[in-house]
Structures are given as C-alpha cells and as structure tokens.
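Colleague: Here it is, the structure in full.
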Amino acid sequence: MGSRLSEICKELKVCDLEQFIPEVELNEPKQFLTDIMELALKERRNRRIARLIKRAGFPAAKTLEGYDFSPITFPEGFQRSDLLSLNFIDRKENVLMIGAVGTGKTHLSIALGVKACMTGYEVKFYRTADLVNELVEKQRLGTIDKFMKAIMKCNVLVIDEVGYVPISKQGSELLFSVISKCYENLSIIITSNLEFGSWNSIFGEARLTTALVDRLIHHCHILNFQGKSYRFQQAIKRKNAMKEGSE
Ligand SMILES: Nc1ncnc2c1ncn2[C@@H]1O[C@H](COP(=O)(O)OP(=O)(O)O)[C@@H](O)[C@H]1O
Ligand SMILES: [Mg+2]
C-alpha cells in the first residue's frame, strides 16, 4: 500500500517525493523541503523534454556537440550564434539549409530541433516524402484539418530533404498549403540539395513553386553547406587510419 505521502503527492499532481529523500541532506527544514522540491521540478522538466523529443519524431539522435560548422556559410546579419540562440523561433523566421548530400544538413536540423525541445518548444520533424504521403493520406481520410491544426500548434516544423524526389501535383498543393499556413505563425527549417532555381523540378508547376518560394524566403535565413560529403571524408579518414595502422 502507498504511504500517506504518496497519496498527497498524487492529489497535488506532483511526482512521488519520497523517492528524493535519500538524495537530500537534512540540515534544516526549509532547506530540506526546497531541495526536495527542486529535484521534483527537475524531474518534471526532464519528463516534458523527453516527451517533446519523442513527439517531434526525429529520425536519429543528433546533437550540436562536436558538430563542425566550418562547411557552412551564414548570411549577413545571421551568424552561428543567432542560429544557436533559437531567437529565430520566437520571431517565427525560417531557416533554409542548402547543400549537397552528406554535408550535415539533416544532422544540424535534428540537433537544432532537439535544442528547441530542450528549451520547451514543440517541434515536428518530417522527411518531405513522409510529410507529403501523410498529407495525401489524411486528405483521403478526411482528417487533414485535424492534422494541419496539430502542425500549427508547433513552434518549429522541420521539412528535411526537399528536392530528393519529385512530388505529385496533389502533394505539392498540400505542401504549399502547409507552408502558407505556417507563414508568420511558426518557424520552418527546410533542408534541400537544390537551389531555388531548380525547385520547379520538384513541384512541377512554376506558378506554385514561385508562390511557395516567395512565402519561404520572406523572413528566411539561408545557410549554404559547402565542402565534400562529411560521410565521404570520414570514410577516407578511416581508410587512411587503417592504412597507417597496417604499415
Ligand atoms: N559538420 C558536421 N559535423 C559533424 N558531423 C557531421 C557534419 N556533417 C555531417 N556529419 C555527419 O555525416 C553524416 C551525414 O550527414 P547528414 O546530416 O545526413 O548530411 P545531409 O543531410 O546534408 O545529407 C551524418 O552521420 C552526420 O552526423
Ligand atoms: Mg539529409
């Protein structure tokens, strides 16, 4: 049977405080209570962060730790520190990451998303193809409004890999409507291997592409990712290290 303390915690809607007793030193009553409540608060915050990260749907666990920013060219007036401060989220500005495959776009977009979750923001991460499939499916089922509402509740929408596969007309229109709705309501982080000039080939239709790019680039910071594929470079490094090891 639970203790009276457990019952009280339940009714107060705090976690079971009893678990913290062994962790806290008792010098005087107020300090003891404060330290216990401090641990309870920390636990609640950590749980919320874990929930936010889970709900975001990141495809992998990536952090900013050890991330090499040298392949990235930042636009004027928006430096690395501006990106990392996440102030762009409060200002509902967009970040566009453009560069070849393997240059670290997905990694950085996940790491920023995780950091946003840790700050308490709601994030949703989608690969473009998955988002489009889901939009088409939800439209078929008649639940698209609900789905859109859920997206609009977020602070950040990450759309990864725009441009890797062409999108159907219906898919393009639905994606366009998501981006239009997000416009000035929440931040979008988009990654793409293609410059805007080639976006016609993704969305098929010039008029739609122009309207979409217009919405996106207003309040947008464009980061250019240069350099050789990071994956490729790491593979070469490994190969060289192996060679040296065998000599
Ligand atoms: N600048 C970087 N710093 C640290 N790791 C990187 C960097 N760029 C890429 N990587 C690593 O290389 C791999 C490919 O990066 P990824 O983000 O998937 O590239 P992209 O999305 O641009 O194709 C990942 O495992 C990623 O963690
Ligand atoms: Mg990628």
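Chain lettering (A, B, ...) mirrors the order of the structure tokens, residue numbering begins at 1 for each chain separately, and ligand numbering begins at 1 in order of display.
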Would you name the residues within 8 Å of ligand 1, counting only C-alpha atoms and all ligand atoms, and put them as a VMD selection string?

Modeller: chain A and resid 62 66 to 71 99 to 109 160 to 161 191 193 225 229 to 231 234

Colleague: Would you please give, as a compact mmCIF listing (two decimals) with C-alpha atoms, in the first residue's frame, all residues of segment 9-222 of chain A that DSSP assigns to strand (DSSP E) based on the backbone?

Modeller:
```txt
# COMPACT_ATOMS: atom_id res chain seq x y z
CA ILE A 72 28.50 26.40 -43.52
CA THR A 73 28.34 29.91 -44.95
CA ASN A 94 12.54 30.32 -41.37
CA VAL A 95 15.91 28.67 -41.86
CA LEU A 96 16.81 27.12 -45.15
CA MET A 97 19.78 24.78 -45.40
CA ILE A 98 21.04 24.22 -48.90
CA GLY A 99 23.89 21.97 -49.94
CA VAL A 123 8.84 20.56 -32.82
CA LYS A 124 7.77 18.27 -35.65
CA PHE A 125 10.30 16.65 -37.92
CA TYR A 126 9.35 15.23 -41.32
CA ARG A 127 11.19 13.99 -44.31
CA VAL A 156 9.04 24.59 -35.35
CA LEU A 157 8.35 22.42 -38.38
CA VAL A 158 11.38 20.72 -39.92
CA ILE A 159 10.96 19.58 -43.51
CA ASP A 160 14.00 17.56 -44.47
CA GLU A 161 15.15 16.64 -47.96
CA VAL A 162 13.05 18.86 -50.19
CA SER A 187 9.28 28.63 -37.92
CA ILE A 188 10.09 26.21 -40.67
CA ILE A 189 13.51 24.65 -41.10
CA ILE A 190 13.91 23.25 -44.59
CA THR A 191 16.81 21.31 -45.98
CA SER A 192 17.39 20.82 -49.67
CA CYS A 220 14.24 33.45 -44.08
CA HIS A 221 17.89 32.81 -43.33
CA ILE A 222 19.67 30.78 -45.97
```

Colleague: Set the distance at 12 Å and use only C-alpha atoms: which residues neighbour Ala129 of chain A once local chain neighbours fewer than 4 positions away are removed? I'd like the list as a short mmCIF file (atom, residue, chain, number, x, y, z; two decimals) with C-alpha atoms, in the first residue's frame.

Modeller:
```cif
data_model
loop_
_atom_site.label_atom_id
_atom_site.label_comp_id
_atom_site.auth_asym_id
_atom_site.auth_seq_id
_atom_site.Cartn_x
_atom_site.Cartn_y
_atom_site.Cartn_z
CA PHE A 125 10.30 16.65 -37.92
CA ASN A 133 2.43 10.94 -48.06
CA GLU A 134 0.81 11.72 -44.77
CA LEU A 135 -0.91 14.82 -46.16
CA VAL A 136 -2.28 12.88 -49.12
CA ILE A 159 10.96 19.58 -43.51
CA ASP A 160 14.00 17.56 -44.47
CA GLU A 161 15.15 16.64 -47.96
CA VAL A 162 13.05 18.86 -50.19
CA GLY A 163 14.12 18.04 -53.71
CA TYR A 164 15.29 14.45 -53.41
CA VAL A 165 12.18 13.10 -55.08
CA PRO A 166 9.66 14.90 -57.25
CA ILE A 167 6.25 15.48 -55.66
CA SER A 168 2.85 14.84 -57.24
CA GLY A 171 1.23 16.55 -52.87
CA SER A 172 2.73 19.86 -53.97
CA LEU A 175 2.67 21.01 -49.02
CA ILE A 202 10.37 19.28 -57.53
#
```

Colleague: Check the DSSP output for the backbone and give back, as a count of residues only, the residues of segment 140-212 of chain A in alpha helix (DSSP H).

Modeller: 36

Colleague: Using only C-alpha atoms and all ligand atoms, pick whichever of A:Thr128, A:Pro29, A:Glu38, A:Lys115 has the shortest atom-to-atom distance to ligand 2.

Modeller: A:Thr128

Colleague: Between A:Lys237, A:Asp214, A:Ile110, A:Ser201, which one has atoms that come closest to ligand 2, using only C-alpha atoms and all ligand atoms?

Modeller: A:Ile110

Colleague: Atom CA of Glu18 of chain A to atom CA of Ile49 of chain A: how many Å, to one decimal?

Modeller: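 It comes out at 22.8 Å.
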
Colleague: When you count only C-alpha atoms and all ligand atoms, which of these residues is closest to ligand 2: A:Leu64, A:Pro59, A:Val132, A:Ile151?

Modeller: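 Distance minimum relative to ligand 2 lands on A:Pro59.
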
Colleague: What is the atom CA of His218 of chain A-atom CA of Ala116 of chain A distance in Å, reported with one decimal?

Modeller: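 About the pair atom CA of His218 of chain A and atom CA of Ala116 of chain A: they are 21.9 Å apart.
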